[in-house]
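**Student:** What follows is a single structure, and I will ask about it in a moment.
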Amino acid sequence: MSNHFYDRDLISISELSQSEISLILDTAKKIKQSPKKNLLQGKILASCFFEASTRTRLSFEAAMLKLGGGVCGFSDAGSTSAKKGESLYDSIKVITAYADVIVLRHPQEGAARMAAEVSNKPIINAGDGSNQHPSQTLLDLYTIYECQGRLDDLHIAFVGDLKYGRTVHSLSQACAAYNTKYYFVSPDILKMPEYICDYLSSKGMNYSIHSNINEIIDQVDILYITRLQKERFDEAEFKQIQGKYSLTAEMLREVKPNMRVMHPLPRVDEIEVAVDRTKHAYYFEQAENGLYVREALLALILNKELF
Ligand code: CP
C-alpha cells in the first residue's frame, strides 16, 4: 500500500477520508507498542507557535525527537520578527528554507491554509483561531477507540464552549463518519455554529441541544468537555457563564459504566480534581496519546514508506 500522506499538509480534518484516519490511528498504535527511534534522523521540524500551547507544542517536539529528528522554533510570537512587523507570509517563506515540516499555531483563522499556499514544505495546522485543530481530533479519535473499543454508534456529548472551541468543531465533523449520536451542551451564547450543525444534518446525523449536563449525562459514552475560551470573548459575557458547566464527581453517580470523560486540556474549572480519581476520567491518557498520534503523523508525512 502506498503512503498518501507523504509530503502532505494537514490543515483540516475534513480533508481526511475514513481510511486515511484509520491508517494514522493504526500507525499510532504500532508506535505506542514499539517505538521507532531513528525513522526521521536528519529531518527538522519547525515548531512555530504564535499562540500559547503546552500539549500540542511539546508533544509535537517530543514526537520529532523520539523519531530521531531535530526541532527548531519558537513558542512566543513576541520573540520573533512578527514583533517588528514581519508578515506571516514572509515568515513562512523564510522558515520553509530551514525545515522539512512546519507545525503552525496562529490566532488567525485560515493562517495554516495560507501558509500551505506559501510553503513547499508540509504544513500541519496546530490550531488556527476558532477554526480547526486536526491533530487534536486524531488523538481524540485514537483515545475514543482506545477507551470504547470502537468509533461507531457512540453517544457523545460536547460540553462547554461550542462556539469558539476549535477542538469540538474538528471532532464533531470527524465523528459524522461513525454514525455518532450528538448531544450539544452549552449556554445559548456559546452554541455550536450553524455551519457545523448544517454539515451534520447533511450527513444524516442526529443531534440534540441542551443547556445542562445533567439532562444527558446518563445517556452518553463520552463526555467531551471544553474550556470556556475566555480570550475569545467579552469579559461581561464570560462572568455570566463562568463555572456553570463544571463537572463534579457527585454528578457521575448514575452514568454508564463505560462512560469516559475527555477534555483537550488545559482545564480551568470545568472538571473538579475529585473527578480525576474516578474510573471515568480519561483526559490525561488522552493528552499522552497526543505523543503517539503526532509521531504517527510526522512519520507518515516525512517518510515515503509505510511500516
Ligand atoms: N489541547 C491543546 O491544544 O492544548 P494546548 O493549547 O496546551 O496545546
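If you're wondering about the labels, chains in the C-alpha cells are A, B, ... by order shown, residues count from 1 in each chain, ligands from 1 in order shown.
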Grab me every residue within 7 Å of ligand 1, counting only C-alpha atoms and all ligand atoms, and send it over as a PyMOL selection string.
**Tutor:** chain A and resi 52-57+136+264-266
**Student:** Can you spit out the residues from that selection as a short mmCIF file (atom, residue, chain, number, x, y, z; two decimals), in the first residue's frame, using N, CA and C atoms?
**Tutor:**
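Once written, again-v9.cif looks like this:
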data_model
loop_
_atom_site.label_atom_id
_atom_site.label_comp_id
_atom_site.auth_asym_id
_atom_site.auth_seq_id
_atom_site.Cartn_x
_atom_site.Cartn_y
_atom_site.Cartn_z
N ALA A 52 -0.23 30.60 22.67
CA ALA A 52 0.20 29.73 23.78
C ALA A 52 -0.19 28.27 23.56
N SER A 53 0.65 27.38 24.06
CA SER A 53 0.37 25.94 23.99
C SER A 53 1.28 25.21 24.97
N THR A 54 0.77 24.16 25.56
CA THR A 54 1.63 23.23 26.32
C THR A 54 1.66 21.89 25.60
N ARG A 55 0.50 21.25 25.48
CA ARG A 55 0.43 19.89 24.93
C ARG A 55 0.82 19.81 23.46
N THR A 56 0.21 20.64 22.65
CA THR A 56 0.42 20.48 21.20
C THR A 56 1.89 20.72 20.86
N ARG A 57 2.43 21.81 21.38
CA ARG A 57 3.83 22.13 21.05
C ARG A 57 4.78 21.06 21.60
N GLN A 136 -5.41 17.37 17.08
CA GLN A 136 -6.15 17.11 18.32
C GLN A 136 -7.29 16.12 18.03
N PRO A 264 -9.74 18.35 26.01
CA PRO A 264 -8.48 18.58 25.29
C PRO A 264 -7.42 19.21 26.18
N LEU A 265 -7.85 19.77 27.31
CA LEU A 265 -6.98 20.49 28.25
C LEU A 265 -6.36 21.72 27.54
N PRO A 266 -5.99 22.76 28.22
CA PRO A 266 -5.98 22.90 29.66
C PRO A 266 -7.39 23.05 30.25
#
**Student:** For region 279-281 of chain A, list every protein, DNA or RNA residue within 7 Å, evaluated using only C-alpha atoms, and leave out those in the same chain fewer than 5 positions away; present the list as a list in words.
**Tutor:** Met259, Arg260, Val261 and Met262 of chain A
**Student:** Give me, please, the distance in Å between CA of Ser91 (chain A) and CA of Ser47 (chain A), quoted to one decimal.
**Tutor:**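 Result for CA of Ser91 (chain A) versus CA of Ser47 (chain A): 12.6 Å, one decimal.
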**Student:** Considering only alpha helix (DSSP H) as DSSP defines it on the backbone, what residues of region 77-288 of chain A qualify? List them as a PyMOL selection string.
**Tutor:** chain A and resi 88-96+111-118+134-148+166-175+194-202+235-241+283-288
**Student:** Quick one: everything within 12 Å of Asp26 (chain A), counting only C-alpha atoms, minus sequence neighbours fewer than 2 positions away in the same chain. Send it as a list in words.
**Tutor:**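 My list of contacting residues is Ser19, Glu20, Ile21, Ser22, Leu23, Ile24, Ala28, Lys29, Lys30, Ile31, Lys32, Gln33, Leu138, Leu139, Leu141, Tyr142, Tyr145, Glu146, Tyr292, Val293, Glu295, Ala296, Leu297, Leu300, Leu306 and Phe307 of chain A.
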**Student:** DSSP on the backbone, then: every residue of region 120-278 of chain A marked strand (DSSP E or B), written as a ChimeraX atom specification.
**Tutor:** /A:123-128,155-159,181-185,206-210,222-225,247,260-262,271
**Student:** Hey, can you check how far CA of Asp188 (chain A) sits from CA of His210 (chain A)?
**Tutor:**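 About the pair CA of Asp188 (chain A) and CA of His210 (chain A): they are 9.1 Å apart.
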**Student:** Please list as a PyMOL selection string every residue within 8 Å of region 217-226 of chain A, counting only C-alpha atoms and excluding residues in the same chain fewer than 5 positions away.
**Tutor:** chain A and resi 144+148+154-162+165+168+252+254-256+258-265+267+270
**Student:** With only C-alpha atoms as the basis for distance, which of A:Asn214, A:Ser172, A:Gln108, A:Thr180 is at the shortest distance from Asp198 (chain A)?
**Tutor:**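 Comparing A:Asn214, A:Ser172, A:Gln108, A:Thr180 against Asp198 (chain A), the winner is A:Ser172.
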**Student:** Find the spatial neighbours of Tyr207 (chain A), counting only C-alpha atoms, within a cut-off of 7 Å - ignore same-chain residues fewer than 6 positions away - and output them as a list in words.
**Tutor:**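 Once the nearby chain positions are removed, what remains is Lys181, Tyr182 and Tyr183 of chain A.
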**Student:** Smallest atom-to-atom distance to Ser130 (chain A): which of A:Phe284, A:Tyr89, A:Tyr245, A:Tyr164, using only C-alpha atoms?
**Tutor:**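 The answer is A:Tyr164, which sits nearest to Ser130 (chain A).
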**Student:** One decimal, Å: what's the distance from CA of Lys191 (chain A) over to CA of Asp153 (chain A), could you say?
**Tutor:**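 Atom-to-atom, CA of Lys191 (chain A) and CA of Asp153 (chain A) are spaced 23.3 Å apart.
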**Student:** Just want the 6 Å neighbourhood of Cys48 (chain A), counted on only C-alpha atoms, with same-chain residues fewer than 3 positions away dropped. Output as a list in words.
**Tutor:** Gly73, Phe74, Val103 and Leu104 of chain A
**Student:** Under the rule that only C-alpha atoms are counted, which of A:Asp140, A:Asp276, A:Glu51, A:Glu237 is the nearest residue to Asp76 (chain A)?
**Tutor:** A:Glu51
**Student:** Counting only C-alpha atoms, which residue out of A:Met192, A:Glu215, A:Asp7, A:Tyr178 sits closest to Ser119 (chain A)?
**Tutor:**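 Selected residue with least distance to Ser119 (chain A): A:Asp7.
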**Student:** Determine the nearest neighbour of Leu25 (chain A) from the options A:Ile209, A:Leu151, A:Ala116, A:Ala236, counting only C-alpha atoms.
**Tutor:**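 That would be A:Leu151, the residue with the smallest distance to Leu25 (chain A).
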